[in-house]
>>> print(open('coords_2.txt').read())   # compact mmCIF, C-alpha atoms
# COMPACT_ATOMS: atom_id res chain seq x y z
CA MET U 151 -26.10 -15.57 -50.54
CA GLY U 152 -23.00 -17.73 -50.91
CA PHE U 153 -20.13 -18.11 -48.46
CA LEU U 154 -17.95 -15.58 -50.30
CA GLY U 155 -20.75 -13.03 -50.25
CA LYS U 156 -21.23 -13.45 -46.50
CA LEU U 157 -17.48 -13.20 -45.95
CA THR U 158 -17.34 -9.98 -47.96
CA LYS U 159 -20.14 -8.45 -45.84
CA ILE U 160 -18.33 -9.43 -42.62
CA ILE U 161 -15.09 -7.84 -43.86
CA ASP U 162 -16.92 -4.67 -44.92
CA PHE U 163 -18.60 -4.46 -41.47
CA ALA U 164 -15.25 -4.92 -39.72
CA ASN U 165 -13.71 -2.16 -41.82
CA ASP U 166 -16.61 0.17 -40.99
CA VAL U 167 -16.12 -0.49 -37.27
CA LYS U 168 -12.37 0.11 -37.57
CA ASN U 169 -12.89 3.39 -39.42
CA GLU U 170 -15.42 4.55 -36.80
CA LEU U 171 -13.03 3.74 -33.94
CA GLU U 172 -10.19 5.63 -35.63
CA GLN U 173 -12.47 8.62 -36.20
CA ASN U 174 -13.55 8.63 -32.53
CA LYS U 175 -9.91 8.42 -31.44
CA ALA U 176 -9.02 11.39 -33.64
CA GLU U 177 -11.94 13.40 -32.21
CA THR U 178 -10.85 12.56 -28.67
CA VAL U 179 -7.34 13.85 -29.38
CA VAL U 180 -8.72 17.06 -30.83
CA GLU U 181 -11.03 17.59 -27.83
CA SER U 182 -8.15 17.13 -25.39
CA GLU U 183 -5.94 19.77 -27.02
CA PRO U 184 -7.62 22.80 -25.36
CA VAL U 185 -6.93 21.21 -21.94
CA VAL U 186 -3.24 20.88 -22.80
CA GLN U 187 -3.18 24.46 -24.05
CA ARG U 188 -4.86 25.69 -20.84
CA LYS U 189 -2.12 24.08 -18.77
CA GLN U 190 0.57 25.68 -20.90
CA GLN U 191 -1.09 29.10 -20.71
CA LEU U 192 -1.45 29.40 -16.92
CA ALA U 193 -0.48 32.95 -16.12
CA ASP U 194 2.66 33.82 -14.21
CA ILE U 195 1.87 35.08 -10.72
CA GLU U 196 2.38 38.82 -10.42
CA LEU U 197 2.35 40.17 -6.86
CA ALA U 198 1.34 43.64 -5.71
CA SER U 199 3.43 45.97 -3.58
CA SER U 200 0.65 46.38 -0.98
CA THR U 201 -1.61 44.16 1.13
CA ASN U 202 -5.33 43.72 1.75
CA ILE U 203 -6.82 43.00 5.17
CA ILE U 204 -9.25 40.08 5.30
CA GLU U 205 -11.55 39.98 8.35
CA ASP U 206 -14.24 37.68 9.70
CA ILE U 207 -16.19 36.98 12.89
CA ALA U 208 -16.37 33.47 14.37
CA PHE U 209 -17.70 31.87 17.56
CA GLY U 210 -15.86 29.58 19.95
CA GLU U 211 -17.05 27.86 23.11
CA ASN U 212 -19.93 29.39 25.06
CA ASP U 213 -20.70 31.64 22.08
CA GLN U 214 -17.51 33.61 22.65
CA LYS U 215 -17.08 35.89 19.64
CA TYR U 216 -13.68 36.35 17.92
CA ARG U 217 -12.53 38.78 15.27
CA LEU U 218 -10.15 37.07 12.83
CA THR U 219 -7.83 39.01 10.54
CA TYR U 220 -4.94 38.43 8.20
CA LYS U 221 -3.02 40.50 5.68
CA VAL U 222 -2.60 39.14 2.17
CA ASN U 223 -0.89 40.45 -0.93
CA ALA U 224 -3.30 42.88 -2.61
CA ILE U 225 -3.44 40.82 -5.82
CA PHE U 226 -5.68 38.50 -3.76
CA LYS U 227 -9.20 39.89 -3.34
CA GLU U 228 -11.82 38.89 -0.78
CA ALA U 229 -14.50 36.45 -2.00
CA LYS U 230 -17.62 34.99 -0.42
CA SER U 231 -17.71 31.23 0.10
CA HIS U 232 -20.92 29.20 0.29
CA ALA U 233 -19.09 26.29 1.94
CA GLY U 234 -19.32 26.13 5.72
CA GLU U 235 -15.83 24.61 5.87
CA VAL U 236 -14.22 27.59 4.11
CA MET U 237 -13.72 30.96 5.80
CA MET U 238 -11.79 34.14 5.04
CA LEU U 239 -11.51 33.35 1.34
CA ALA U 240 -9.35 35.50 -0.94
CA THR U 241 -8.70 34.54 -4.57
CA TYR U 242 -6.04 35.58 -7.06
CA ALA U 243 -7.76 38.34 -9.05
CA PRO U 244 -5.23 40.63 -10.72
CA ASN U 245 -7.74 42.44 -12.94
CA GLU U 246 -10.80 42.42 -10.69
CA ASP U 247 -12.13 44.43 -7.76
CA TYR U 248 -13.37 41.29 -5.99
CA GLY U 249 -12.40 37.64 -5.83
CA ALA U 250 -14.64 34.82 -7.05
CA GLU U 251 -15.47 31.56 -5.33
CA GLY U 252 -14.04 28.64 -7.29
CA ASP U 253 -11.02 30.52 -8.64
CA VAL U 254 -7.48 29.35 -7.93
CA PRO U 255 -5.01 30.18 -6.54
CA TYR U 256 -6.78 31.09 -3.32
CA VAL U 257 -6.06 31.68 0.35
CA ALA U 258 -8.58 30.43 2.92
CA PHE U 259 -9.13 29.28 6.45
CA GLN U 260 -10.40 25.70 6.08
CA CYS U 261 -11.67 22.90 8.30
CA ASP U 262 -12.62 20.36 5.64
CA ASP U 263 -11.41 16.74 5.59
CA VAL U 264 -7.94 17.27 4.11
CA PRO U 265 -6.43 19.72 6.62
CA TYR U 266 -8.50 18.32 9.51
CA THR U 267 -7.33 14.73 8.97
CA ALA U 268 -3.74 15.79 8.37
CA LEU U 269 -3.53 17.73 11.64
CA GLU U 270 -5.32 15.03 13.61
CA GLU U 271 -2.84 12.45 12.32
CA TYR U 272 0.12 14.77 12.94
CA LYS U 273 -0.82 15.18 16.61
CA GLU U 274 -0.71 11.39 16.99
CA LYS U 275 2.27 10.46 14.81
CA GLY U 276 4.33 13.59 14.18
CA THR U 277 3.56 13.31 10.44
CA PHE U 278 0.60 12.57 8.19
CA SER U 279 -0.18 10.60 5.06
CA GLY U 280 0.80 12.38 1.85
CA ALA U 281 2.88 15.04 3.62
CA ILE U 282 5.27 16.99 1.37
CA GLU U 283 7.99 19.27 2.77
CA LEU U 284 6.60 18.96 6.29
CA THR U 285 8.19 21.44 8.72
CA PRO U 286 7.27 21.22 12.45
CA LEU U 287 6.67 24.60 14.08
CA THR U 288 6.20 25.99 17.59
CA GLY U 289 3.80 28.61 18.90
CA ARG U 290 0.45 29.11 17.15
CA TYR U 291 1.09 26.56 14.37
CA TYR U 292 1.88 22.87 14.61
CA PHE U 293 3.52 22.67 11.19
CA LYS U 294 3.58 23.93 7.64
CA ALA U 295 3.46 21.45 4.76
CA LYS U 296 2.18 20.67 1.30
CA LYS U 297 -0.32 17.98 0.38
CA LYS U 298 -2.23 17.06 -2.76
CA TYR U 299 -5.73 18.53 -2.55
CA TYR U 300 -7.94 16.77 -5.09
CA GLU U 301 -6.57 17.93 -8.49
CA TYR U 302 -4.68 20.83 -6.83
CA MET U 303 -1.77 21.33 -4.45
CA MET U 304 -2.36 22.74 -0.98
CA TYR U 305 0.33 24.52 1.04
CA PHE U 306 -0.98 25.04 4.56
CA TYR U 307 -0.33 25.75 8.23
CA GLY U 308 -2.01 23.50 10.80
CA LEU U 309 -3.47 25.07 13.94
CA ASP U 310 -6.19 24.99 16.60
CA CYS U 311 -8.33 28.12 16.90
CA TYR U 312 -10.32 30.20 19.35
CA GLU U 313 -8.24 29.16 22.35
CA GLY U 314 -8.43 25.52 21.28
CA SER U 315 -12.22 25.32 20.95
CA TRP U 316 -11.95 24.66 17.18
CA GLU U 317 -9.36 21.99 16.45
CA ASN U 318 -7.51 20.88 13.34
CA MET U 319 -7.85 23.93 11.11
CA GLY U 320 -5.77 24.82 8.09
CA LEU U 321 -4.62 28.22 6.90
CA CYS U 322 -4.26 27.29 3.25
CA MET U 323 -3.00 28.29 -0.18
CA VAL U 324 -4.51 26.14 -2.95
CA TYR U 325 -3.08 26.33 -6.48
CA PRO U 326 -2.85 24.35 -9.75
CA MET U 327 -0.52 21.35 -9.85
CA GLU U 328 1.17 22.91 -12.88
CA TYR U 329 2.77 25.50 -10.57
CA VAL U 330 4.58 22.87 -8.47
CA GLY U 331 8.34 23.30 -8.68
CA THR U 332 8.11 26.70 -10.39
CA GLU U 333 8.79 30.30 -9.42
CA ASN U 334 5.02 30.77 -9.28
CA GLU U 335 4.81 28.21 -6.48
CA LYS U 336 7.59 29.96 -4.55
CA LYS U 337 5.71 33.26 -4.80
CA LEU U 338 2.45 31.70 -3.59
CA MET U 339 4.17 30.00 -0.68
CA THR U 340 5.74 33.32 0.32
CA VAL U 341 2.30 34.94 0.20
CA LEU U 342 0.90 32.34 2.60
CA ASP U 343 3.92 32.65 4.90
CA GLU U 344 3.11 36.35 5.23
CA VAL U 345 -0.57 35.56 5.81
CA ALA U 346 0.34 33.13 8.59
CA GLU U 347 2.65 35.68 10.21
CA SER U 348 -0.08 38.34 10.22
CA TYR U 349 -3.01 36.15 11.32
CA THR U 350 -4.71 37.26 14.58
CA GLU U 351 -7.65 36.24 16.78
CA GLU U 352 -9.20 38.77 19.11
CA LYS U 353 -12.08 38.36 21.54
CA VAL U 354 -14.91 40.82 20.96
>>> encode(input="coords_2.txt", output="structure tokens")
Amino acid sequence: MGFLGKLTKIIDFANDVKNELEQNKAETVVESEPVVQRKQQLADIELASSTNIIEDIAFGENDQKYRLTYKVNAIFKEAKSHAGEVMMLATYAPNEDYGAEGDVPYVAFQCDDVPYTALEEYKEKGTFSGAIELTPLTGRYYFKAKKKYYEYMMYFYGLDCYEGSWENMGLCMVYPMEYVGTENEKKLMTVLDEVAESYTEEKV
């Protein structure tokens, strides 16, 4: 094969590669469209006119038993969590009788790394890394604030529980980032404010 023949084969190969790359790019754009549509179609939060009572039993020092309760807007339904760091879970479930683990928005009592580290740092410095709209409080809660929680936003109250035997807990509302700055976020924050106001611990 002469030089021109080899050159022609190289050009044809390069064109094939270019066409394949353009096709892959087009397919990638098409595959990403449902994600964009999902973000645009997130439902507006509709609240109920009544509340549900969420209850759990926990143990503090010396096996002291406590009954924990809070009231939450009835559009949030109780759900079972398989994570040891998540308690008293209630998920947004407007058309269901029960909540479902993994759904958002949700309300929960959490002691995983994000709220734990935030409260631990707050006790030392009076703030914490990544704090948004941090408001110091007195009484049961140290503060209320927002913080990015993986791909979500978390609005939470920081507290110690069971007469201080469990430290650095978070009473949390977790919701999609797309709700930030919207009326939906305001509604969800109000829901958690009411949860925090109603939360109780009772020795049993």
>>> residues_around(input="coords_2.txt", residues="Met327 of chain U", least_positions_apart="6", cutoff="12 Å", atoms="all atoms listed in the file", output="NGL selection string")
:U and (189-190 or 192 or 254-255 or 296-305 or 334-335)
>>> closest_residue(input="coords_2.txt", among="U:Glu196, U:Tyr220, U:Tyr325, U:Ile203", to="Pro244 of chain U", atoms="all atoms listed in the file")
U:Glu196
>>> atom_distance(input="coords_2.txt", atom1="atom CA of Leu309 of chain U", atom2="atom CA of Leu269 of chain U")
7.7 Å
>>> closest_residue(input="coords_2.txt", among="U:Tyr307, U:Asp213, U:Lys275, U:Ser348", to="Thr288 of chain U", atoms="all atoms listed in the file")
U:Tyr307
>>> residues_around(input="coords_2.txt", residues="Ile225 of chain U", least_positions_apart="6", cutoff="12 Å", atoms="all atoms listed in the file", output="PyMOL selection string")
chain U and resi 195-203+240-249+255-257+337-338+341
>>> atom_distance(input="coords_2.txt", atom1="atom CA of Thr277 of chain U", atom2="atom CA of Phe293 of chain U")
9.4 Å
>>> atom_distance(input="coords_2.txt", atom1="atom CA of Met323 of chain U", atom2="atom CA of Glu352 of chain U")
22.8 Å
>>> residues_near_point(input="coords_2.txt", point="(-12.7, 33.8, 9.7)", cutoff="8 Å", atoms="only C-alpha atoms", output="list in words")
Glu205, Asp206, Ile207, Ala208, Arg217, Leu218, Thr219, Met237, Met238 and Phe259 of chain U
>>> residues_around(input="coords_2.txt", residues="Asp262 of chain U", least_positions_apart="4", cutoff="12 Å", atoms="only C-alpha atoms", output="PDB file with C-alpha atoms, in the frame of the given file")
ATOM      1  CA  ALA U 233     -19.090  26.290   1.940  1.00  0.00           C
ATOM      2  CA  GLY U 234     -19.320  26.130   5.720  1.00  0.00           C
ATOM      3  CA  GLU U 235     -15.830  24.610   5.870  1.00  0.00           C
ATOM      4  CA  VAL U 236     -14.220  27.590   4.110  1.00  0.00           C
ATOM      5  CA  MET U 237     -13.720  30.960   5.800  1.00  0.00           C
ATOM      6  CA  ALA U 258      -8.580  30.430   2.920  1.00  0.00           C
ATOM      7  CA  TYR U 266      -8.500  18.320   9.510  1.00  0.00           C
ATOM      8  CA  THR U 267      -7.330  14.730   8.970  1.00  0.00           C
ATOM      9  CA  ALA U 268      -3.740  15.790   8.370  1.00  0.00           C
ATOM     10  CA  LEU U 269      -3.530  17.730  11.640  1.00  0.00           C
ATOM     11  CA  TYR U 299      -5.730  18.530  -2.550  1.00  0.00           C
ATOM     12  CA  GLU U 317      -9.360  21.990  16.450  1.00  0.00           C
ATOM     13  CA  ASN U 318      -7.510  20.880  13.340  1.00  0.00           C
ATOM     14  CA  MET U 319      -7.850  23.930  11.110  1.00  0.00           C
ATOM     15  CA  GLY U 320      -5.770  24.820   8.090  1.00  0.00           C
ATOM     16  CA  LEU U 321      -4.620  28.220   6.900  1.00  0.00           C
ATOM     17  CA  CYS U 322      -4.260  27.290   3.250  1.00  0.00           C
TER      18      CYS U 322
END
